[in-house]
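*Asks:* This one is start24.json, JSON, C-alpha atoms.
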[["chain", "number", "residue", "atom", "x", "y", "z"],
["A", 1, "MET", "CA", 0.00, 0.00, 0.00],
["A", 2, "GLU", "CA", 2.99, 2.33, 0.22],
["A", 3, "SER", "CA", 2.56, 3.54, -3.33],
["A", 4, "VAL", "CA", -1.22, 4.03, -3.16],
["A", 5, "ARG", "CA", -2.36, 7.32, -1.72],
["A", 6, "LEU", "CA", -5.76, 8.37, -0.47],
["A", 7, "ALA", "CA", -7.13, 11.68, -1.73],
["A", 8, "VAL", "CA", -8.96, 13.01, 1.31],
["A", 9, "GLU", "CA", -9.20, 16.53, -0.13],
["A", 10, "GLU", "CA", -8.18, 16.79, -3.77],
["A", 11, "ASN", "CA", -5.08, 18.97, -4.27],
["A", 12, "ARG", "CA", -4.91, 19.61, -0.52],
["A", 13, "TYR", "CA", -4.69, 16.60, 1.77],
["A", 14, "TYR", "CA", -3.41, 13.11, 0.94],
["A", 15, "THR", "CA", -2.46, 10.19, 3.18],
["A", 16, "TYR", "CA", -0.98, 6.73, 2.81],
["A", 17, "PRO", "CA", -3.07, 4.46, 5.07],
["A", 18, "ASP", "CA", -1.63, 1.11, 6.16],
["A", 19, "VAL", "CA", -4.63, -0.68, 4.60],
["A", 20, "LEU", "CA", -7.69, 0.56, 2.76],
["A", 21, "VAL", "CA", -10.56, -1.05, 0.92],
["A", 22, "SER", "CA", -12.68, 0.59, -1.74],
["A", 23, "CYS", "CA", -15.59, -0.91, -3.63],
["A", 24, "ASP", "CA", -15.98, 2.13, -5.87],
["A", 25, "PRO", "CA", -15.62, 1.29, -9.61],
["A", 26, "HIS", "CA", -13.68, 4.53, -10.20],
["A", 27, "ASP", "CA", -11.12, 3.52, -7.59],
["A", 28, "GLN", "CA", -10.81, 0.09, -9.19],
["A", 29, "ARG", "CA", -9.61, 1.75, -12.41],
["A", 30, "GLU", "CA", -6.98, 3.83, -10.58],
["A", 31, "SER", "CA", -3.57, 2.32, -9.89],
["A", 32, "GLN", "CA", -1.96, 4.84, -7.53],
["A", 33, "GLN", "CA", -4.79, 6.79, -5.91],
["A", 34, "VAL", "CA", -8.04, 6.03, -4.07],
["A", 35, "TYR", "CA", -10.91, 8.46, -3.48],
["A", 36, "SER", "CA", -13.76, 6.49, -1.89],
["A", 37, "PRO", "CA", -12.67, 3.92, 0.68],
["A", 38, "ILE", "CA", -15.22, 2.06, 2.76],
["A", 39, "LEU", "CA", -12.58, 0.81, 5.24],
["A", 40, "ILE", "CA", -9.30, 2.31, 6.45],
["A", 41, "VAL", "CA", -6.91, 0.53, 8.82],
["A", 42, "GLU", "CA", -4.04, 2.21, 10.63],
["A", 43, "VAL", "CA", -1.48, 0.35, 12.72],
["A", 44, "LEU", "CA", -0.67, 2.58, 15.68],
["A", 45, "SER", "CA", 2.92, 3.20, 16.65],
["A", 46, "PRO", "CA", 4.27, 5.50, 19.37],
["A", 47, "SER", "CA", 5.28, 8.05, 16.74],
["A", 48, "THR", "CA", 1.96, 8.03, 14.80],
["A", 49, "SER", "CA", -0.70, 7.25, 17.41],
["A", 50, "ALA", "CA", -1.67, 10.84, 18.25],
["A", 51, "TYR", "CA", -1.83, 11.82, 14.56],
["A", 52, "ASP", "CA", -3.87, 8.70, 13.61],
["A", 53, "ARG", "CA", -6.36, 9.35, 16.44],
["A", 54, "GLY", "CA", -6.54, 13.10, 15.95],
["A", 55, "LEU", "CA", -6.01, 15.08, 12.76],
["A", 56, "LYS", "CA", -5.93, 12.08, 10.44],
["A", 57, "PHE", "CA", -9.21, 10.65, 11.75],
["A", 58, "LYS", "CA", -10.80, 14.12, 11.63],
["A", 59, "GLN", "CA", -9.83, 14.33, 7.95],
["A", 60, "TYR", "CA", -11.04, 10.80, 7.23],
["A", 61, "GLN", "CA", -14.46, 11.66, 8.64],
["A", 62, "LYS", "CA", -14.93, 14.02, 5.68],
["A", 63, "LEU", "CA", -15.00, 11.05, 3.30],
["A", 64, "PRO", "CA", -18.68, 10.22, 2.67],
["A", 65, "SER", "CA", -17.81, 6.67, 1.56],
["A", 66, "LEU", "CA", -15.92, 5.79, 4.75],
["A", 67, "LYS", "CA", -17.93, 3.53, 7.06],
["A", 68, "HIS", "CA", -15.20, 1.81, 9.11],
["A", 69, "TYR", "CA", -11.95, 3.03, 10.63],
["A", 70, "LEU", "CA", -9.76, 0.55, 12.49],
["A", 71, "MET", "CA", -6.85, 1.47, 14.69],
["A", 72, "ILE", "CA", -4.73, -1.55, 15.53],
["A", 73, "ALA", "CA", -2.38, -1.33, 18.51],
["A", 74, "GLN", "CA", 1.16, -2.36, 17.74],
["A", 75, "ASN", "CA", 2.24, -3.45, 21.21],
["A", 76, "THR", "CA", -0.80, -5.28, 22.61],
["A", 77, "TRP", "CA", -4.07, -6.86, 21.43],
["A", 78, "ARG", "CA", -6.34, -3.84, 21.06],
["A", 79, "VAL", "CA", -8.50, -3.02, 18.05],
["A", 80, "GLU", "CA", -10.41, 0.27, 18.10],
["A", 81, "TRP", "CA", -13.21, -0.01, 15.58],
["A", 82, "TYR", "CA", -15.03, 3.18, 14.60],
["A", 83, "CYS", "CA", -18.20, 2.58, 12.61],
["A", 84, "ARG", "CA", -20.37, 5.29, 11.04],
["A", 85, "ASN", "CA", -24.06, 4.64, 11.77],
["A", 86, "GLU", "CA", -27.16, 5.71, 9.82],
["A", 87, "ALA", "CA", -27.28, 9.00, 11.77],
["A", 88, "ASN", "CA", -23.75, 9.77, 10.49],
["A", 89, "GLN", "CA", -22.32, 9.35, 14.00],
["A", 90, "TRP", "CA", -19.12, 7.46, 14.74],
["A", 91, "VAL", "CA", -19.55, 4.65, 17.25],
["A", 92, "ILE", "CA", -16.48, 3.04, 18.80],
["A", 93, "THR", "CA", -16.10, -0.58, 19.80],
["A", 94, "VAL", "CA", -12.88, -1.63, 21.54],
["A", 95, "LEU", "CA", -11.91, -5.27, 21.07],
["A", 96, "THR", "CA", -9.21, -6.82, 23.29],
["A", 97, "GLU", "CA", -10.22, -10.41, 23.94],
["A", 98, "PRO", "CA", -9.02, -13.14, 21.54],
["A", 99, "GLU", "CA", -12.55, -14.39, 20.80],
["A", 100, "GLU", "CA", -14.14, -10.96, 20.21],
["A", 101, "VAL", "CA", -15.26, -10.59, 16.61],
["A", 102, "LEU", "CA", -15.01, -7.71, 14.17],
["A", 103, "VAL", "CA", -17.84, -7.99, 11.64],
["A", 104, "ILE", "CA", -18.03, -5.74, 8.59],
["A", 105, "ALA", "CA", -21.05, -7.03, 6.70],
["A", 106, "GLU", "CA", -20.55, -4.76, 3.66],
["A", 107, "LEU", "CA", -17.26, -6.52, 2.99],
["A", 108, "ASN", "CA", -18.33, -9.97, 4.13],
["A", 109, "LEU", "CA", -15.52, -9.71, 6.68],
["A", 110, "GLN", "CA", -15.48, -11.47, 10.02],
["A", 111, "LEU", "CA", -12.26, -11.60, 12.07],
["A", 112, "THR", "CA", -11.53, -12.40, 15.68],
["A", 113, "VAL", "CA", -8.95, -10.35, 17.56],
["A", 114, "ALA", "CA", -6.78, -13.48, 17.63],
["A", 115, "GLU", "CA", -6.92, -13.63, 13.82],
["A", 116, "VAL", "CA", -6.00, -9.94, 13.52],
["A", 117, "TYR", "CA", -2.84, -10.55, 15.55],
["A", 118, "GLU", "CA", -2.07, -14.04, 14.20],
["A", 119, "LYS", "CA", 1.64, -14.41, 13.42],
["A", 120, "SER", "CA", 2.33, -10.84, 14.60],
["A", 121, "GLY", "CA", 4.35, -11.77, 17.67],
["A", 122, "VAL", "CA", 2.33, -9.26, 19.71],
["A", 123, "ALA", "CA", 1.25, -10.49, 23.14],
["A", 124, "PRO", "CA", -2.41, -10.21, 24.23],
["A", 125, "LEU", "CA", -3.40, -7.55, 26.75],
["A", 126, "ARG", "CA", -3.37, -9.07, 30.20],
["A", 127, "VAL", "CA", -4.59, -7.31, 33.31],
["A", 128, "GLU", "CA", -2.91, -8.54, 36.47],
["A", 129, "PRO", "CA", -5.24, -8.90, 39.48],
["A", 130, "LEU", "CA", -4.58, -6.60, 42.40],
["A", 131, "PRO", "CA", -2.80, -8.29, 45.29],
["A", 132, "GLU", "CA", -5.09, -9.30, 48.10],
["A", 133, "ALA", "CA", -4.86, -7.23, 51.27],
["A", 134, "GLY", "CA", -2.90, -9.02, 53.91],
["A", 135, "PRO", "CA", -2.47, -8.40, 57.65],
["A", 136, "GLN", "CA", 0.29, -5.85, 56.99],
["A", 137, "ASP", "CA", -2.10, -3.74, 54.89],
["A", 138, "GLU", "CA", -4.76, -3.43, 57.57]]
Can I see the file as structure tokens?
*Replies:*
Amino acid sequence: MESVRLAVEENRYYTYPDVLVSCDPHDQRESQQVYSPILIVEVLSPSTSAYDRGLKFKQYQKLPSLKHYLMIAQNTWRVEWYCRNEANQWVITVLTEPEEVLVIAELNLQLTVAEVYEKSGVAPLRVEPLPEAGPQDE
């Protein structure tokens, strides 16, 4: 995807998403540029996380075709799935458990969090229980 750019605002703002999917026939004829993605995926890194969550997402929201925006954590199992509903509002679902499922019906896509991170070498998010209070804590 490095050589394919997304025209968010023609002649003004372009990005190079990690993954994008377009079903638009016009985009299918293009080889280096996409205008109407339905899905954009960004893999978050420490250097890009704030930009991907902030300005970049704000720009992406201007795309009428965009229905799904996924932000995939790079250091733990965490998928932030933003989905545009019929009222044109963005609804977030955070997936962290291996068996939780991401379903994008328009693309006939169904993936578990475990499948997203398969062969990535990234460890699942684990929350350690708090130590029980003992006599010294009373």
*Asks:* Pick out the closest residue to A:Leu109 from this set: A:Phe57, A:Val8, A:His68, A:Leu63. Count only C-alpha atoms.
*Replies:* A:His68
*Asks:* Give me, as a list in words, all polymer residues having an atom no more than 6 Å from stretch 70-85 of chain A, counting only C-alpha atoms and skipping those fewer than 2 positions away in the same chain.
*Replies:*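 Residues meeting the cut-off are Val41, Glu42, Val43, Leu44, Ser45, Lys67, His68, Ala87, Asn88, Gln89, Trp90, Val91, Ile92, Thr93, Val94, Leu95, Thr96, Val122, Ala123, Pro124 and Leu125 of chain A.
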*Asks:* Tell me which protein, DNA and RNA residues are within 9 Å of stretch 16-21 of chain A, counting only C-alpha atoms, leaving out same-chain ones fewer than 2 positions away, and put them as a ChimeraX atom specification.
*Replies:* /A:1-6,14,23,34,36-43,107
*Asks:* What does the distance between atom CA of A:Asp27 and atom CA of A:Tyr117 come to in Å, to one decimal place?
*Replies:*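 Straight-line distance from atom CA of A:Asp27 to atom CA of A:Tyr117 works out to 28.3 Å.
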*Asks:* So how far away is atom CA of A:Glu30 from atom CA of A:Tyr13, in Å?
*Replies:* 17.9 Å
*Asks:* Mind giving me the axis-aligned box for stretch 22-30 of chain A with 8 Å on every side, centre plus edges in Å to one decimal, as JSON?
*Replies:*
{"center_x": -11.5, "center_y": 1.8, "center_z": -7.1, "size_x": 25.0, "size_y": 21.4, "size_z": 26.7}
*Asks:* Distance atom CA of A:Glu86-atom CA of A:Gln61, one decimal place?
*Replies:*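 Atom-to-atom, atom CA of A:Glu86 to atom CA of A:Gln61, that is 14.1 Å.
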*Asks:* Find the residue from A:Thr15, A:Ser22, A:Glu118, A:Arg29 that sits nearest to A:Leu55; use all atoms listed in the file when measuring.
*Replies:*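 Of the candidates, the smallest distance to A:Leu55 is held by A:Thr15.
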*Asks:* Between A:Glu115, A:Gln59, A:Leu66, A:Tyr51, which has the minimum distance to A:Leu102 (counting all atoms listed in the file)?
*Replies:*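 Of the candidates, the smallest distance to A:Leu102 is held by A:Glu115.
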*Asks:* I'd like to know which of A:Tyr69, A:Glu9, A:Pro25, A:Asp52 is closest to A:Ile104, using only C-alpha atoms.
*Replies:*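 Smallest separation from A:Ile104 among the options: A:Tyr69.
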*Asks:* Which one is closest to A:Glu10: A:Gln33, A:Asn108, A:Ser49, A:Ser120? Count all atoms listed in the file.
*Replies:*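 Counting all atoms listed in the file, the residue closest to A:Glu10 is A:Gln33.
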